[in-house]
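Shown next: input_39.cif, containing mmCIF, C-alpha atoms.
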```cif
data_upload
#
loop_
_atom_site.group_PDB
_atom_site.id
_atom_site.type_symbol
_atom_site.label_atom_id
_atom_site.label_comp_id
_atom_site.auth_asym_id
_atom_site.auth_seq_id
_atom_site.Cartn_x
_atom_site.Cartn_y
_atom_site.Cartn_z
ATOM 1 C CA MET A 1 -32.773 13.723 -171.297
ATOM 2 C CA SER A 2 -35.557 14.680 -173.736
ATOM 3 C CA ARG A 3 -38.587 16.569 -172.474
ATOM 4 C CA GLY A 4 -41.423 14.224 -171.523
ATOM 5 C CA LEU A 5 -39.174 11.255 -170.725
ATOM 6 C CA ILE A 6 -38.843 9.986 -167.145
ATOM 7 C CA ALA A 7 -35.442 9.101 -165.755
ATOM 8 C CA ASN A 8 -34.805 5.394 -165.243
ATOM 9 C CA SER A 9 -33.975 5.559 -161.515
ATOM 10 C CA GLN A 10 -34.783 3.741 -158.268
ATOM 11 C CA LEU A 11 -36.988 6.651 -157.174
ATOM 12 C CA GLU A 12 -39.085 6.505 -160.339
ATOM 13 C CA TYR A 13 -39.194 2.704 -160.080
ATOM 14 C CA ARG A 14 -40.696 2.953 -156.580
ATOM 15 C CA ARG A 15 -43.189 5.558 -157.778
ATOM 16 C CA LEU A 16 -44.229 3.287 -160.627
ATOM 17 C CA GLY A 17 -44.742 0.421 -158.165
ATOM 18 C CA ALA A 18 -46.996 2.617 -156.030
ATOM 19 C CA VAL A 19 -49.033 3.730 -159.058
ATOM 20 C CA ILE A 20 -49.545 0.110 -160.134
ATOM 21 C CA SER A 21 -50.567 -0.916 -156.613
ATOM 22 C CA TYR A 22 -53.134 1.900 -156.343
ATOM 23 C CA GLY A 23 -54.373 1.179 -159.860
ATOM 24 C CA ARG A 24 -55.021 -2.454 -159.022
ATOM 25 C CA LEU A 25 -56.861 -1.579 -155.817
ATOM 26 C CA ALA A 26 -58.961 0.960 -157.694
ATOM 27 C CA GLY A 27 -59.874 -1.548 -160.397
ATOM 28 C CA ALA A 28 -58.066 0.389 -163.145
ATOM 29 C CA ILE A 29 -55.416 -2.314 -163.713
ATOM 30 C CA ASP A 30 -56.356 -5.969 -164.032
ATOM 31 C CA TRP A 31 -54.800 -8.165 -161.313
ATOM 32 C CA GLU A 32 -53.674 -10.651 -163.979
ATOM 33 C CA ALA A 33 -52.078 -7.994 -166.212
ATOM 34 C CA ILE A 34 -48.663 -8.188 -164.513
ATOM 35 C CA GLU A 35 -46.951 -11.466 -163.649
ATOM 36 C CA ASP A 36 -44.798 -11.925 -160.552
ATOM 37 C CA ARG A 37 -42.863 -15.197 -160.835
ATOM 38 C CA THR A 38 -40.944 -14.635 -157.581
ATOM 39 C CA ARG A 39 -43.917 -15.288 -155.300
ATOM 40 C CA GLY A 40 -46.815 -17.698 -155.300
ATOM 41 C CA LEU A 41 -48.318 -20.681 -153.543
ATOM 42 C CA ARG A 42 -47.054 -24.092 -154.618
ATOM 43 C CA SER A 43 -49.158 -27.110 -153.755
ATOM 44 C CA PRO A 44 -48.445 -30.807 -154.430
ATOM 45 C CA PRO A 45 -50.735 -32.314 -157.081
ATOM 46 C CA VAL A 46 -53.587 -34.503 -155.848
ATOM 47 C CA TRP A 47 -56.188 -36.614 -157.668
ATOM 48 C CA SER A 48 -59.697 -37.712 -156.745
ATOM 49 C CA SER A 49 -59.337 -41.160 -158.346
ATOM 50 C CA PRO A 50 -57.034 -43.246 -160.576
ATOM 51 C CA GLU A 51 -59.232 -42.615 -163.613
ATOM 52 C CA ASN A 52 -59.004 -38.901 -162.890
ATOM 53 C CA ILE A 53 -55.218 -38.872 -163.325
ATOM 54 C CA VAL A 54 -55.439 -41.027 -166.480
ATOM 55 C CA GLU A 55 -57.947 -38.580 -167.952
ATOM 56 C CA ALA A 56 -55.627 -35.705 -167.072
ATOM 57 C CA ALA A 57 -52.770 -37.590 -168.727
ATOM 58 C CA SER A 58 -54.855 -37.937 -171.892
ATOM 59 C CA ARG A 59 -55.108 -34.144 -172.117
ATOM 60 C CA GLN A 60 -51.443 -33.558 -171.284
ATOM 61 C CA PHE A 61 -49.892 -36.305 -173.404
ATOM 62 C CA ARG A 62 -47.473 -34.970 -175.986
ATOM 63 C CA LEU A 63 -45.161 -36.588 -178.467
ATOM 64 C CA ASP A 64 -41.839 -35.065 -179.442
ATOM 65 C CA VAL A 65 -43.109 -33.435 -182.633
ATOM 66 C CA TRP A 66 -39.605 -32.212 -183.492
ATOM 67 C CA ALA A 67 -38.148 -35.723 -183.494
ATOM 68 C CA ASP A 68 -39.004 -36.176 -187.196
ATOM 69 C CA GLN A 69 -37.939 -32.673 -188.209
ATOM 70 C CA PRO A 70 -34.678 -32.013 -190.079
ATOM 71 C CA LEU A 71 -33.596 -29.659 -187.296
ATOM 72 C CA ARG A 72 -33.992 -28.827 -183.627
ATOM 73 C CA VAL A 73 -34.719 -25.322 -182.410
ATOM 74 C CA GLU A 74 -34.404 -23.673 -179.010
ATOM 75 C CA VAL A 75 -35.328 -20.106 -178.052
ATOM 76 C CA TRP A 76 -33.016 -18.279 -175.642
ATOM 77 C CA ALA A 77 -33.589 -14.794 -174.240
ATOM 78 C CA GLU A 78 -31.394 -12.501 -172.207
ATOM 79 C CA LYS A 79 -34.041 -11.465 -169.677
ATOM 80 C CA GLU A 80 -36.096 -13.413 -167.161
ATOM 81 C CA ALA A 81 -38.716 -10.632 -167.223
ATOM 82 C CA LEU A 82 -39.880 -11.797 -170.658
ATOM 83 C CA ALA A 83 -40.207 -15.470 -169.741
ATOM 84 C CA GLY A 84 -44.011 -15.354 -169.765
ATOM 85 C CA VAL A 85 -44.079 -13.959 -173.297
ATOM 86 C CA PHE A 86 -41.610 -16.463 -174.710
ATOM 87 C CA LEU A 87 -42.950 -19.474 -172.822
ATOM 88 C CA HIS A 88 -46.394 -18.880 -174.314
ATOM 89 C CA ALA A 89 -45.015 -18.494 -177.834
ATOM 90 C CA CYS A 90 -42.685 -21.499 -177.533
ATOM 91 C CA ASP A 91 -45.237 -23.798 -175.947
ATOM 92 C CA ALA A 92 -47.561 -23.400 -178.919
ATOM 93 C CA LEU A 93 -44.852 -24.814 -181.195
ATOM 94 C CA ARG A 94 -43.307 -27.246 -178.686
ATOM 95 C CA VAL A 95 -39.953 -25.479 -178.597
ATOM 96 C CA PRO A 96 -37.735 -25.375 -175.479
ATOM 97 C CA TYR A 97 -37.071 -21.972 -173.939
ATOM 98 C CA LEU A 98 -34.102 -20.826 -171.878
ATOM 99 C CA SER A 99 -33.990 -17.610 -169.856
ATOM 100 C CA CYS A 100 -30.300 -16.699 -169.889
ATOM 101 C CA ARG A 101 -30.386 -13.973 -167.222
ATOM 102 C CA GLY A 102 -27.563 -12.055 -168.831
ATOM 103 C CA TYR A 103 -24.460 -13.954 -169.890
ATOM 104 C CA VAL A 104 -25.257 -17.667 -169.686
ATOM 105 C CA SER A 105 -23.533 -19.375 -166.771
ATOM 106 C CA GLN A 106 -20.772 -21.819 -167.617
ATOM 107 C CA SER A 107 -22.633 -24.776 -166.122
ATOM 108 C CA GLU A 108 -25.861 -23.963 -167.989
ATOM 109 C CA LEU A 109 -24.014 -23.599 -171.273
ATOM 110 C CA TRP A 110 -22.192 -26.879 -170.688
ATOM 111 C CA ARG A 111 -25.549 -28.624 -170.144
ATOM 112 C CA ALA A 112 -26.976 -26.932 -173.233
ATOM 113 C CA ALA A 113 -24.008 -28.029 -175.338
ATOM 114 C CA ARG A 114 -24.465 -31.659 -174.274
ATOM 115 C CA ARG A 115 -28.189 -31.483 -175.069
ATOM 116 C CA LEU A 116 -27.751 -29.812 -178.434
ATOM 117 C CA ARG A 117 -24.847 -32.062 -179.369
ATOM 118 C CA SER A 118 -27.067 -35.120 -178.856
ATOM 119 C CA TYR A 119 -29.426 -33.787 -181.544
ATOM 120 C CA VAL A 120 -26.534 -33.247 -183.942
ATOM 121 C CA GLU A 121 -25.320 -36.781 -183.299
ATOM 122 C CA ALA A 122 -28.846 -38.016 -184.109
ATOM 123 C CA GLY A 123 -28.584 -36.400 -187.540
ATOM 124 C CA GLN A 124 -30.418 -33.108 -186.959
ATOM 125 C CA ASP A 125 -29.199 -29.571 -187.491
ATOM 126 C CA VAL A 126 -29.552 -27.314 -184.452
ATOM 127 C CA ILE A 127 -30.419 -23.616 -184.248
ATOM 128 C CA VAL A 128 -30.585 -21.391 -181.176
ATOM 129 C CA LEU A 129 -32.831 -18.357 -181.736
ATOM 130 C CA TYR A 130 -31.542 -15.586 -179.488
ATOM 131 C CA PHE A 131 -33.276 -12.444 -178.151
ATOM 132 C CA GLY A 132 -31.354 -9.755 -176.284
ATOM 133 C CA ASP A 133 -31.055 -6.036 -175.617
ATOM 134 C CA HIS A 134 -29.435 -3.736 -178.157
ATOM 135 C CA ASP A 135 -26.579 -2.478 -175.997
ATOM 136 C CA PRO A 136 -22.865 -3.289 -175.830
ATOM 137 C CA SER A 137 -23.174 -6.410 -173.685
ATOM 138 C CA GLY A 138 -26.533 -7.479 -175.146
ATOM 139 C CA LEU A 139 -25.032 -7.643 -178.622
ATOM 140 C CA ASP A 140 -21.901 -9.391 -177.370
ATOM 141 C CA MET A 141 -23.934 -12.126 -175.685
ATOM 142 C CA THR A 142 -24.850 -13.604 -179.072
ATOM 143 C CA ARG A 143 -21.176 -13.957 -179.945
ATOM 144 C CA ASP A 144 -20.376 -15.303 -176.499
ATOM 145 C CA ILE A 145 -22.970 -18.080 -176.744
ATOM 146 C CA GLU A 146 -21.728 -19.189 -180.149
ATOM 147 C CA ASP A 147 -18.072 -19.139 -179.099
ATOM 148 C CA ARG A 148 -18.627 -21.118 -175.910
ATOM 149 C CA LEU A 149 -20.837 -23.694 -177.621
ATOM 150 C CA ARG A 150 -17.944 -24.282 -180.026
ATOM 151 C CA ARG A 151 -15.614 -24.586 -177.050
ATOM 152 C CA PHE A 152 -17.819 -27.401 -175.803
ATOM 153 C CA ASP A 153 -17.668 -29.057 -179.246
ATOM 154 C CA CYS A 154 -21.258 -28.191 -180.170
ATOM 155 C CA ALA A 155 -21.985 -27.256 -183.788
ATOM 156 C CA ALA A 156 -25.291 -25.478 -183.116
ATOM 157 C CA GLY A 157 -26.013 -22.334 -185.084
ATOM 158 C CA VAL A 158 -26.951 -19.155 -183.189
ATOM 159 C CA ARG A 159 -29.345 -16.753 -184.896
ATOM 160 C CA ARG A 160 -30.117 -13.391 -183.277
ATOM 161 C CA LEU A 161 -33.780 -12.536 -183.922
ATOM 162 C CA ALA A 162 -33.964 -9.370 -181.805
ATOM 163 C CA LEU A 163 -33.215 -6.712 -180.859
ATOM 164 C CA ASN A 164 -31.414 -5.613 -184.023
ATOM 165 C CA ILE A 165 -30.774 -2.098 -185.298
ATOM 166 C CA ASP A 166 -33.186 -2.489 -188.236
ATOM 167 C CA GLN A 167 -35.948 -3.310 -185.722
ATOM 168 C CA VAL A 168 -34.993 -0.261 -183.655
ATOM 169 C CA ARG A 169 -35.411 1.915 -186.742
ATOM 170 C CA LYS A 170 -38.661 0.233 -187.730
ATOM 171 C CA TYR A 171 -40.460 0.107 -184.366
ATOM 172 C CA ASN A 172 -38.793 3.105 -182.675
ATOM 173 C CA PRO A 173 -38.666 1.792 -179.079
ATOM 174 C CA PRO A 174 -37.720 4.348 -176.386
ATOM 175 C CA PRO A 175 -33.944 4.700 -176.018
ATOM 176 C CA ASN A 176 -31.753 4.536 -172.927
ATOM 177 C CA PRO A 177 -28.291 6.026 -172.522
ATOM 178 C CA ALA A 178 -25.637 3.457 -173.380
ATOM 179 C CA LYS A 179 -23.631 2.401 -170.305
ATOM 180 C CA MET A 180 -20.300 4.144 -170.549
ATOM 181 C CA THR A 181 -18.878 1.785 -167.925
ATOM 182 C CA ASP A 182 -19.455 -1.238 -170.159
ATOM 183 C CA SER A 183 -16.094 -2.628 -171.267
ATOM 184 C CA ARG A 184 -17.496 -3.063 -174.795
ATOM 185 C CA ILE A 185 -18.700 0.543 -175.162
ATOM 186 C CA GLY A 186 -15.908 1.640 -177.529
ATOM 187 C CA GLY A 187 -16.926 -0.314 -180.587
ATOM 188 C CA TYR A 188 -20.606 0.207 -179.814
ATOM 189 C CA LEU A 189 -20.252 4.010 -179.764
ATOM 190 C CA GLU A 190 -18.509 3.994 -183.120
ATOM 191 C CA GLU A 191 -21.270 1.940 -184.760
ATOM 192 C CA PHE A 192 -24.479 2.946 -182.950
ATOM 193 C CA GLY A 193 -23.808 6.088 -180.928
ATOM 194 C CA ASP A 194 -24.558 6.711 -177.271
ATOM 195 C CA GLN A 195 -28.092 5.250 -177.144
ATOM 196 C CA SER A 196 -29.202 1.698 -176.363
ATOM 197 C CA TRP A 197 -32.550 -0.099 -176.489
ATOM 198 C CA GLU A 198 -34.114 -2.821 -174.363
ATOM 199 C CA LEU A 199 -35.821 -5.886 -175.761
ATOM 200 C CA ASP A 200 -38.669 -5.344 -173.285
ATOM 201 C CA ALA A 201 -39.656 -2.193 -175.181
ATOM 202 C CA LEU A 202 -41.014 -4.258 -178.077
ATOM 203 C CA GLU A 203 -44.673 -5.286 -177.887
ATOM 204 C CA PRO A 204 -45.164 -8.839 -176.531
ATOM 205 C CA ARG A 205 -47.274 -9.657 -179.580
ATOM 206 C CA LEU A 206 -44.387 -8.667 -181.823
ATOM 207 C CA LEU A 207 -41.943 -10.883 -179.918
ATOM 208 C CA SER A 208 -44.388 -13.810 -180.158
ATOM 209 C CA ALA A 209 -44.813 -13.179 -183.880
ATOM 210 C CA LEU A 210 -41.037 -13.161 -184.420
ATOM 211 C CA VAL A 211 -40.834 -16.617 -182.827
ATOM 212 C CA ALA A 212 -43.828 -18.014 -184.733
ATOM 213 C CA ASP A 213 -42.767 -16.615 -188.108
ATOM 214 C CA GLU A 214 -39.227 -17.918 -187.784
ATOM 215 C CA LEU A 215 -40.318 -21.393 -186.708
ATOM 216 C CA SER A 216 -42.947 -21.682 -189.437
ATOM 217 C CA GLY A 217 -40.185 -21.231 -191.986
ATOM 218 C CA LEU A 218 -37.990 -23.884 -190.394
ATOM 219 C CA MET A 219 -40.386 -26.778 -189.827
ATOM 220 C CA ASP A 220 -41.481 -29.581 -192.144
ATOM 221 C CA ASN A 221 -45.274 -29.227 -192.040
ATOM 222 C CA GLU A 222 -45.990 -32.719 -193.392
ATOM 223 C CA ALA A 223 -43.865 -34.406 -190.712
ATOM 224 C CA TRP A 224 -45.361 -32.108 -188.055
ATOM 225 C CA ASN A 225 -48.966 -32.945 -189.013
ATOM 226 C CA ALA A 226 -48.256 -36.670 -189.089
ATOM 227 C CA ARG A 227 -46.783 -36.549 -185.593
ATOM 228 C CA VAL A 228 -49.706 -34.488 -184.271
ATOM 229 C CA SER A 229 -52.204 -36.988 -185.736
ATOM 230 C CA GLU A 230 -50.366 -39.787 -183.929
ATOM 231 C CA GLU A 231 -50.559 -37.776 -180.733
ATOM 232 C CA VAL A 232 -54.309 -37.166 -181.076
ATOM 233 C CA GLU A 233 -54.888 -40.890 -181.527
ATOM 234 C CA ALA A 234 -52.848 -41.711 -178.414
ATOM 235 C CA ARG A 235 -54.772 -39.149 -176.380
ATOM 236 C CA GLY A 236 -58.020 -40.777 -177.482
ATOM 237 C CA GLU A 237 -56.762 -44.162 -176.314
ATOM 238 C CA LEU A 238 -55.843 -42.778 -172.893
ATOM 239 C CA SER A 239 -59.229 -41.068 -172.595
ATOM 240 C CA LEU A 240 -60.955 -44.332 -173.505
ATOM 241 C CA VAL A 241 -59.066 -46.165 -170.764
ATOM 242 C CA ALA A 242 -60.043 -43.456 -168.271
ATOM 243 C CA SER A 243 -63.715 -43.676 -169.204
ATOM 244 C CA ARG A 244 -63.656 -47.471 -168.752
ATOM 245 C CA TRP A 245 -61.209 -47.591 -165.890
ATOM 246 C CA LYS A 246 -63.091 -50.086 -163.696
ATOM 247 C CA GLN A 247 -63.632 -52.504 -166.582
ATOM 248 C CA ALA A 248 -59.947 -52.219 -167.507
ATOM 249 C CA VAL A 249 -58.896 -52.961 -163.924
ATOM 250 C CA ARG A 250 -61.227 -55.964 -163.667
ATOM 251 C CA GLY A 251 -59.917 -57.319 -166.975
ATOM 252 C CA ALA A 252 -56.303 -56.850 -165.856
ATOM 253 C CA ARG A 253 -57.025 -58.671 -162.586
ATOM 254 C CA ARG A 254 -58.619 -61.596 -164.393
ATOM 255 C CA ARG A 255 -55.642 -61.927 -166.703
ATOM 256 C CA THR A 256 -53.262 -61.736 -163.744
ATOM 257 C CA LYS A 257 -55.113 -64.525 -161.932
ATOM 258 C CA LYS A 258 -55.011 -66.745 -165.022
ATOM 259 C CA GLN A 259 -51.276 -66.148 -165.379
ATOM 260 C CA ASP A 260 -50.727 -66.938 -161.700
ATOM 261 C CA ARG A 261 -52.679 -70.227 -161.991
ATOM 262 C CA GLY A 262 -50.857 -71.145 -165.196
#
```
So that I can check it, write out the structure of this file as structure tokens.
Amino acid sequence: MSRGLIANSQLEYRRLGAVISYGRLAGAIDWEAIEDRTRGLRSPPVWSSPENIVEAASRQFRLDVWADQPLRVEVWAEKEALAGVFLHACDALRVPYLSCRGYVSQSELWRAARRLRSYVEAGQDVIVLYFGDHDPSGLDMTRDIEDRLRRFDCAAGVRRLALNIDQVRKYNPPPNPAKMTDSRIGGYLEEFGDQSWELDALEPRLLSALVADELSGLMDNEAWNARVSEEVEARGELSLVASRWKQAVRGARRRTKKQDRG
């Protein structure tokens, strides 16, 4: 281990947790700086009035802006820990995100194949943008996804955006020892040596930029803008109904009464 580096161990992990806890209590670390998706209060949604929920719907309404695109894109990542980073980047461009949590389970991949195959059958090309660690299994996961999608008769392309060796050389993330117990270590050692690198070591802004840059080169901007304009108009209509909710209800009741009498 190089001088200045800290061993990646359970003891150091617990020490890090204590430092973060004390830092938060002391005001040195912002409480919102670290996300914990394993805990949190969940409350059922409630509304103060019918017009309130219609107004909320006007802000949340979205069209499928990829429906008119020549292709469909999904972003998949090996690690759940990066879900917050990828969800933010994907939401901005309306792209689905899947946290694989290592090798994708058979049932999840079967569902994905059915979903992606439906896009192909509708006449669109399909690309899965994959992000994973640069280690023996992390590299193999890209191949595994592509092979099993083919097994389920899905012609989606799989493109690995990170972490690749050229990015390791460019951004110089801190290395970890490659796992010698990994069944795929042989070929990895021959090509890359005894070091590995985690996707988490890249800056979140860089990961977001990789997603945005790749998607900007894949989308049809004219079709995108037309769909967004349609969406804005629909949101305005919903907002108008919300602002005149009582008049709309009275009008609907009058029409219902006339229909009942007729």
key: Gly236 of chain A surroundings by only C-alpha atoms, 12 Å radius, close-in-sequence under 2 positions cut, as a PyMOL selection string   = chain A and resi 54-61+229-234+238-243
Kindly save the residues from that selection, with C-alpha atoms included, as a PDB file, in the coordinates of the input.
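As a result, result.pdb now contains:
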```pdb
ATOM      1  CA  VAL A  54     -55.439 -41.027-166.480  1.00  0.00           C
ATOM      2  CA  GLU A  55     -57.947 -38.580-167.952  1.00  0.00           C
ATOM      3  CA  ALA A  56     -55.627 -35.705-167.072  1.00  0.00           C
ATOM      4  CA  ALA A  57     -52.770 -37.590-168.727  1.00  0.00           C
ATOM      5  CA  SER A  58     -54.855 -37.937-171.892  1.00  0.00           C
ATOM      6  CA  ARG A  59     -55.108 -34.144-172.117  1.00  0.00           C
ATOM      7  CA  GLN A  60     -51.443 -33.558-171.284  1.00  0.00           C
ATOM      8  CA  PHE A  61     -49.892 -36.305-173.404  1.00  0.00           C
ATOM      9  CA  SER A 229     -52.204 -36.988-185.736  1.00  0.00           C
ATOM     10  CA  GLU A 230     -50.366 -39.787-183.929  1.00  0.00           C
ATOM     11  CA  GLU A 231     -50.559 -37.776-180.733  1.00  0.00           C
ATOM     12  CA  VAL A 232     -54.309 -37.166-181.076  1.00  0.00           C
ATOM     13  CA  GLU A 233     -54.888 -40.890-181.527  1.00  0.00           C
ATOM     14  CA  ALA A 234     -52.848 -41.711-178.414  1.00  0.00           C
ATOM     15  CA  LEU A 238     -55.843 -42.778-172.893  1.00  0.00           C
ATOM     16  CA  SER A 239     -59.229 -41.068-172.595  1.00  0.00           C
ATOM     17  CA  LEU A 240     -60.955 -44.332-173.505  1.00  0.00           C
ATOM     18  CA  VAL A 241     -59.066 -46.165-170.764  1.00  0.00           C
ATOM     19  CA  ALA A 242     -60.043 -43.456-168.271  1.00  0.00           C
ATOM     20  CA  SER A 243     -63.715 -43.676-169.204  1.00  0.00           C
TER      21      SER A 243
END
```
request  = Expand the PyMOL selection byres ((chain A and resi 70) around 9) into the individual residues it matches in the shown file, reporting them as a list in words.
outcome  =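 This file, filtered by the PyMOL selection byres ((chain A and resi 70) around 9), leaves Trp66, Ala67, Asp68, Gln69, Leu71, Arg72, Gly123, Gln124, Asp125, Val126, Leu218, Met219 and Asp220 of chain A.
If you count only C-alpha atoms and ignore residues fewer than 6 places along the chain from Leu98 of chain A, what sits within 12 Å of it is Val73, Glu74, Val75, Trp76, Ala77, Glu78, Lys79, Glu80, Leu82, Ala83, Gly84, Phe86, Leu87, Cys90, Val104, Ser105, Glu108, Leu109, Arg111, Ala112, Val128, Leu129, Tyr130 and Phe131 of chain A.
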ask   = Quick one: of A:Arg159, A:Arg169, A:Lys257, A:Arg115, who's nearest to Phe192 of chain A, counting all atoms listed in the file?
value = A:Arg169
query = the PyMOL selection byres ((chain A and resi 174) around 8) on the file shown: which residues, as a ChimeraX atom specification?
reply = /A:172-173,175-176,197,201
How big is the axis-aligned box around all listed atoms of segment 244-254 of chain A once 4 Å goes on each side, and where's its centre, in Å to one decimal, as lines of an AutoDock Vina configuration file?
```
center_x = -60.0
center_y = -54.5
center_z = -165.7
size_x = 15.4
size_y = 22.1
size_z = 14.2
```
What's around Arg150 of chain A at 12 Å? Count all atoms listed in the file, leave out sequence neighbours fewer than 2 positions away in its own chain, and write the answer as a compact mmCIF listing (two decimals) with C-alpha atoms, in the coordinates of the input.
```
# COMPACT_ATOMS: atom_id res chain seq x y z
CA LEU A 109 -24.01 -23.60 -171.27
CA TRP A 110 -22.19 -26.88 -170.69
CA ALA A 112 -26.98 -26.93 -173.23
CA ALA A 113 -24.01 -28.03 -175.34
CA ARG A 114 -24.46 -31.66 -174.27
CA LEU A 116 -27.75 -29.81 -178.43
CA ARG A 117 -24.85 -32.06 -179.37
CA ARG A 143 -21.18 -13.96 -179.94
CA ASP A 144 -20.38 -15.30 -176.50
CA ILE A 145 -22.97 -18.08 -176.74
CA GLU A 146 -21.73 -19.19 -180.15
CA ASP A 147 -18.07 -19.14 -179.10
CA ARG A 148 -18.63 -21.12 -175.91
CA PHE A 152 -17.82 -27.40 -175.80
CA ASP A 153 -17.67 -29.06 -179.25
CA CYS A 154 -21.26 -28.19 -180.17
CA ALA A 155 -21.98 -27.26 -183.79
CA ALA A 156 -25.29 -25.48 -183.12
CA GLY A 157 -26.01 -22.33 -185.08
CA VAL A 158 -26.95 -19.16 -183.19
```
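If you look at atom CA of Asp213 of chain A and atom CA of Glu32 of chain A, they are 27.1 Å away from each other.
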query = Of the candidates A:Ser21, A:Leu11, A:Leu41, A:Arg62, which shows the shortest atom-to-atom distance to Arg227 of chain A, using all atoms listed in the file?
reply =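 Counting all atoms listed in the file, the residue closest to Arg227 of chain A is A:Arg62.
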Report as a PDB file with C-alpha atoms, in the coordinates of the input all protein, DNA and RNA residues lying within 10 Å of Ala162 of chain A, evaluated on all atoms listed in the file, omitting residues in the same chain fewer than 6 positions from it.
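Generated file (selection_17.pdb):
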```
ATOM      1  CA  ALA A  77     -33.589 -14.794-174.240  1.00  0.00           C
ATOM      2  CA  LEU A 129     -32.831 -18.357-181.736  1.00  0.00           C
ATOM      3  CA  TYR A 130     -31.542 -15.586-179.488  1.00  0.00           C
ATOM      4  CA  PHE A 131     -33.276 -12.444-178.151  1.00  0.00           C
ATOM      5  CA  GLY A 132     -31.354  -9.755-176.284  1.00  0.00           C
ATOM      6  CA  ASP A 133     -31.055  -6.036-175.617  1.00  0.00           C
ATOM      7  CA  HIS A 134     -29.435  -3.736-178.157  1.00  0.00           C
ATOM      8  CA  LEU A 139     -25.032  -7.643-178.622  1.00  0.00           C
ATOM      9  CA  VAL A 168     -34.993  -0.261-183.655  1.00  0.00           C
ATOM     10  CA  GLU A 198     -34.114  -2.821-174.363  1.00  0.00           C
ATOM     11  CA  LEU A 199     -35.821  -5.886-175.761  1.00  0.00           C
ATOM     12  CA  LEU A 202     -41.014  -4.258-178.077  1.00  0.00           C
ATOM     13  CA  LEU A 207     -41.943 -10.883-179.918  1.00  0.00           C
ATOM     14  CA  LEU A 210     -41.037 -13.161-184.420  1.00  0.00           C
TER      15      LEU A 210
END
```
Length of the atom CA of Ser49 of chain A to atom CA of Arg255 of chain A vector [Å] =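 Calculated distance between atom CA of Ser49 of chain A and atom CA of Arg255 of chain A is 22.7 Å.
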ask   = Between atom CA of Ser208 of chain A and atom CA of Val85 of chain A, what is the distance, to one decimal in Å?
value =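 Between atom CA of Ser208 of chain A and atom CA of Val85 of chain A the gap works out to 6.9 Å.
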Pull segment 165-178 of chain A out of the block and emit N, CA and C atoms, as a PDB file, in the first residue's frame.
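Resulting contents of result.pdb:
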```pdb
ATOM      1  N   ILE A 165     -10.455   2.174 -19.385  1.00  0.00           N
ATOM      2  CA  ILE A 165      -9.047   2.385 -19.047  1.00  0.00           C
ATOM      3  C   ILE A 165      -8.552   3.752 -19.513  1.00  0.00           C
ATOM      4  N   ASP A 166      -9.062   4.272 -20.632  1.00  0.00           N
ATOM      5  CA  ASP A 166      -8.643   5.603 -21.067  1.00  0.00           C
ATOM      6  C   ASP A 166      -9.086   6.667 -20.072  1.00  0.00           C
ATOM      7  N   GLN A 167     -10.245   6.465 -19.424  1.00  0.00           N
ATOM      8  CA  GLN A 167     -10.709   7.409 -18.404  1.00  0.00           C
ATOM      9  C   GLN A 167      -9.870   7.294 -17.135  1.00  0.00           C
ATOM     10  N   VAL A 168      -9.450   6.073 -16.812  1.00  0.00           N
ATOM     11  CA  VAL A 168      -8.547   5.880 -15.670  1.00  0.00           C
ATOM     12  C   VAL A 168      -7.259   6.668 -15.883  1.00  0.00           C
ATOM     13  N   ARG A 169      -6.706   6.578 -17.076  1.00  0.00           N
ATOM     14  CA  ARG A 169      -5.459   7.287 -17.379  1.00  0.00           C
ATOM     15  C   ARG A 169      -5.660   8.802 -17.417  1.00  0.00           C
ATOM     16  N   LYS A 170      -6.825   9.225 -17.855  1.00  0.00           N
ATOM     17  CA  LYS A 170      -7.079  10.663 -17.969  1.00  0.00           C
ATOM     18  C   LYS A 170      -7.387  11.305 -16.625  1.00  0.00           C
ATOM     19  N   TYR A 171      -8.229  10.662 -15.804  1.00  0.00           N
ATOM     20  CA  TYR A 171      -8.692  11.292 -14.567  1.00  0.00           C
ATOM     21  C   TYR A 171      -7.954  10.788 -13.322  1.00  0.00           C
ATOM     22  N   ASN A 172      -7.188   9.723 -13.458  1.00  0.00           N
ATOM     23  CA  ASN A 172      -6.340   9.209 -12.387  1.00  0.00           C
ATOM     24  C   ASN A 172      -7.098   8.999 -11.068  1.00  0.00           C
ATOM     25  N   PRO A 173      -8.183   8.221 -11.067  1.00  0.00           N
ATOM     26  CA  PRO A 173      -8.866   7.926  -9.809  1.00  0.00           C
ATOM     27  C   PRO A 173      -7.997   7.029  -8.932  1.00  0.00           C
ATOM     28  N   PRO A 174      -8.211   7.046  -7.603  1.00  0.00           N
ATOM     29  CA  PRO A 174      -7.392   6.201  -6.722  1.00  0.00           C
ATOM     30  C   PRO A 174      -7.630   4.724  -7.003  1.00  0.00           C
ATOM     31  N   PRO A 175      -6.555   3.940  -7.034  1.00  0.00           N
ATOM     32  CA  PRO A 175      -6.689   2.509  -7.351  1.00  0.00           C
ATOM     33  C   PRO A 175      -7.009   1.672  -6.125  1.00  0.00           C
ATOM     34  N   ASN A 176      -7.515   0.487  -6.361  1.00  0.00           N
ATOM     35  CA  ASN A 176      -7.689  -0.555  -5.353  1.00  0.00           C
ATOM     36  C   ASN A 176      -6.982  -1.810  -5.846  1.00  0.00           C
ATOM     37  N   PRO A 177      -6.562  -2.671  -4.946  1.00  0.00           N
ATOM     38  CA  PRO A 177      -6.000  -3.948  -5.408  1.00  0.00           C
ATOM     39  C   PRO A 177      -7.077  -4.778  -6.117  1.00  0.00           C
ATOM     40  N   ALA A 178      -6.726  -5.344  -7.250  1.00  0.00           N
ATOM     41  CA  ALA A 178      -7.677  -6.220  -7.939  1.00  0.00           C
ATOM     42  C   ALA A 178      -7.928  -7.461  -7.091  1.00  0.00           C
TER      43      ALA A 178
END
```
